[in-house]
Every structure is written in C-alpha cells, then in structure tokens.
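Okay, so here's the structure we're looking at.
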Amino acid sequence: MARNLYWLVRLAIITIFLLLGCNTQPEQTLQIETQSSATYSNSPINQPAQSPTSRKSPTVTLSPPPTNTPSPKPTESPTLSLTPVDTLTPSITPTPTFDFPDISVNVSNAHCRYGPGKAYLHAADLYEGDHGQVWNRNYASTWLWVRFDKLNYACWVAASLLDIEGDISTISTYFPTLPKSSLYTPPKKVIATRSGDQVIVTWEEVWMTEDDFRGYLIEAKICQNGYMIDVAVHAEKPSYTLLDEQNCEEQSKGRLYAVEKHGYTDSIPIPWP
C-alpha cells in the first residue's frame, strides 16, 4: 500500500514538471519572434535584415605613432676671447762690450812666438806699424798674447816692442797649449840633481833629422829672490842648469819637451830634487 503511494506521488511530481516545461517554451519562442519582428519593422526597406546576434564592429582609428621631435640643443655660450693684458717688458740695459787694448809694433822687425818667451818657436814675422788687439798676458805683463789684424790666429810678442793703447792690467792671464808634433817621442831618462841653489837637469838625447831639430824646451816654476817665477829656457844639448833658491814655501817643479820645427813632443815631468 505504502509502496504504491510512493510511486503515485513521484509520478505526480514528474507530471507537474513536464507541464511546467511545456508552458515555458512557447513564451520564449514568442519573445524571440517579437524581438525579430520588431527588428524587421525598424529597418529601412533597402537595408537587408540583420540577425539578432550580429553586431557591427566598432571602427578603430589608428593614430600615427608620435614623432620624436628632438628637443633643441641648448645654445652654447660664445667662447670668450681673452685679450691678454700687455705686460710691460723691462728694458734691457746693454752690457758694455769689453774694449781690448790696441797695440802697434814700434820696431822694424820682430818675432811673434808660440809662447811668452824667446825660448819658444817662431810663429810669425812682425813689422813696424802692424796693428792688433791684446787678448791675454803673462803674470808680469812682459809678454802679450795678441791677435794681429793680418793674422788669423794669436801669438805672443814682447810688450817692449809695442805701443799700447789701453790698460793691459785689465786683461786676464792665459797660457794656451803649444802646437803638438807627433813625429818624435819625448825625452827619456830625465834626471835632476841639486848643488846648493843650482838644479842640474839631464836627459837622453832625442834623435831627429838635422832639418827638423830645434833643441829642447824646459818650462819650470822656480824660486828666485824669495818669489816663485815662471821660466822657459831653450837648450841645444841634453842638459841644463837652473838657479832655484830654497827659501820659498812652494815646491819648485818643471817639465821637459823635445822641439822640432813643426811643434813640441809630449812633455815629461822633471823629478825635482
């Protein structure tokens, strides 16, 4: 009994759902048809009907990409040209040019030599009136190193043979090197012995041709009258005696050359006693 009731109730419920479903479908269809007819009535005669679901796509207007307009460069400030301020240049005081004393030969014939003394070789012939300038002197101003106008070199001449214009004491002392000869060797076996105030210097003879041979030269610094003096002596033979006192504080010394007509050999120191 109960079971039959259960199935009756269930059948009733299904029937109700079916009825409800049949009543709902025509309403939807009606709504659709109403909407469709409304759409057709509002459309122009020459315009085709549009389906309810079709929609017109909106027109998209594409804007061109922005153009990057370069920003103007900053205006550079003009370069300033600095006008230098005039600097006052100090005026240069001209240094006075040294005026070498002038000389002229006052004898008819004289010798100009390679050193300050008669012991030195002849360098040039001088005649009365020859003019030149004094460039240097020896310590005692007895010999002057002169550049004569007619020569392209300077040589030594005795001051006693010259007329001098100017103060030769302002001239410096100077001893140039002697012209050198390489044809012969210097003297050998040089010996010096003392006997009181006398110093005897001896050496081995240097062989030369007769045309070349000009003897020997001794340059020495010796003591005389309590003072040290420079002397230059010429010797024809391989021996010479010098007066050398022993009352000076400074030690005497000397050197020896062999001489030929072109110049002087290397010097040899004298072993002073």
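In the structure tokens, chains take letters A, B, ... by order of appearance, with residues numbered from 1 within each chain and ligands from 1 in the order shown.
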Residues within 12 Å of segment 179-188 of chain A, please, as a compact mmCIF listing (two decimals) with C-alpha atoms, in the first residue's frame. Count only C-alpha atoms; anything in the same chain fewer than 6 positions from it doesn't count.
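Written out: part_29.txt:
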# COMPACT_ATOMS: atom_id res chain seq x y z
CA ARG A 113 156.05 83.31 -30.87
CA TYR A 114 154.02 80.29 -29.68
CA GLY A 115 154.78 81.05 -26.05
CA TYR A 120 159.52 79.33 -27.89
CA LEU A 121 159.30 78.68 -31.61
CA HIS A 122 158.82 81.48 -34.10
CA ALA A 123 155.13 81.86 -35.15
CA CYS A 155 150.65 84.71 -30.83
CA VAL A 201 168.66 68.59 -15.31
CA THR A 202 169.89 65.91 -17.73
CA TRP A 203 168.13 63.54 -20.17
CA GLU A 204 168.73 61.16 -23.01
CA GLU A 205 169.16 62.81 -26.41
CA VAL A 206 166.25 62.51 -28.87
CA TRP A 207 167.30 61.70 -32.40
CA MET A 208 165.89 63.98 -35.15
CA THR A 209 166.83 64.92 -38.65
CA ASP A 212 163.67 69.14 -38.00
CA PHE A 213 165.77 69.51 -34.87
CA GLY A 215 166.58 71.57 -29.47
CA TYR A 216 164.71 71.20 -26.16
CA LEU A 217 162.40 73.29 -24.02
CA ILE A 218 162.19 73.42 -20.20
CA LYS A 237 172.20 69.86 -25.63
CA PRO A 238 170.55 67.28 -23.30
CA SER A 239 171.50 69.15 -20.13
CA ARG A 255 158.67 69.70 -17.43
CA LEU A 256 160.77 68.92 -20.48
CA TYR A 257 159.94 68.82 -24.24
CA ALA A 258 161.83 67.88 -27.37
CA VAL A 259 161.30 70.50 -30.10
CA GLU A 260 161.11 70.11 -33.87
CA LYS A 261 160.23 72.72 -36.45
CA HIS A 262 156.55 71.74 -36.53
CA GLY A 263 155.95 71.81 -32.78
CA TYR A 264 156.59 70.08 -29.47
CA THR A 265 156.55 66.48 -28.30
CA ASP A 266 154.57 65.44 -25.23
CA SER A 267 156.16 66.78 -22.04
CA ILE A 268 157.96 64.71 -19.39
CA PRO A 269 157.80 65.87 -15.74
CA ILE A 270 161.17 66.67 -14.16
*All strand (DSSP E) residues (DSSP, backbone) inside segment 81-234 of chain A, as a ChimeraX atom specification*: /A:102-105,109-113,122-127,131-137,143-148,154-158,162-165,188-195,198-204,213-224,227-234
_For a quick check of understanding, using only C-alpha atoms, which of A:Ala235, A:Leu8, A:Cys248, A:Val134 has the smallest distance to Ile171 of chain A?_
A:Val134
Near-Gly132 of chain A list (8 Å; only C-alpha atoms; drop same-chain fewer than 4 positions) as a PDB file with N, CA and C atoms, in the first residue's frame:
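Once everything was written out, this is out-v5.pdb:
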ATOM      1  N   ASP A 102     144.481  98.202 -27.785  1.00  0.00           N
ATOM      2  CA  ASP A 102     145.073  98.159 -29.124  1.00  0.00           C
ATOM      3  C   ASP A 102     146.587  98.314 -29.015  1.00  0.00           C
ATOM      4  N   ILE A 103     147.280  97.660 -29.936  1.00  0.00           N
ATOM      5  CA  ILE A 103     148.749  97.766 -29.959  1.00  0.00           C
ATOM      6  C   ILE A 103     149.213  97.953 -31.402  1.00  0.00           C
ATOM      7  N   SER A 104     150.408  98.456 -31.545  1.00  0.00           N
ATOM      8  CA  SER A 104     151.067  98.520 -32.858  1.00  0.00           C
ATOM      9  C   SER A 104     152.558  98.297 -32.640  1.00  0.00           C
ATOM     10  N   VAL A 146     148.579  88.445 -28.612  1.00  0.00           N
ATOM     11  CA  VAL A 146     147.982  89.455 -29.480  1.00  0.00           C
ATOM     12  C   VAL A 146     147.379  88.798 -30.730  1.00  0.00           C
ATOM     13  N   ARG A 147     146.206  89.303 -31.086  1.00  0.00           N
ATOM     14  CA  ARG A 147     145.584  88.912 -32.359  1.00  0.00           C
ATOM     15  C   ARG A 147     145.812  90.058 -33.337  1.00  0.00           C
ATOM     16  N   PHE A 148     146.796  89.864 -34.234  1.00  0.00           N
ATOM     17  CA  PHE A 148     147.125  90.897 -35.209  1.00  0.00           C
ATOM     18  C   PHE A 148     146.117  90.876 -36.360  1.00  0.00           C
ATOM     19  N   ASP A 149     145.882  92.047 -36.911  1.00  0.00           N
ATOM     20  CA  ASP A 149     144.903  92.174 -37.999  1.00  0.00           C
ATOM     21  C   ASP A 149     145.280  91.312 -39.199  1.00  0.00           C
TER      22      ASP A 149
END
*Between A:Trp135, A:Lys118, A:Pro273, A:Asn109, which is the closest to His234 of chain A once you count only C-alpha atoms?*
A:Lys118
*Could you state the separation of atom CA of Ser195 of chain A and atom CA of Gly117 of chain A in Å, given to one decimal place?*
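The value is 26.6 Å.
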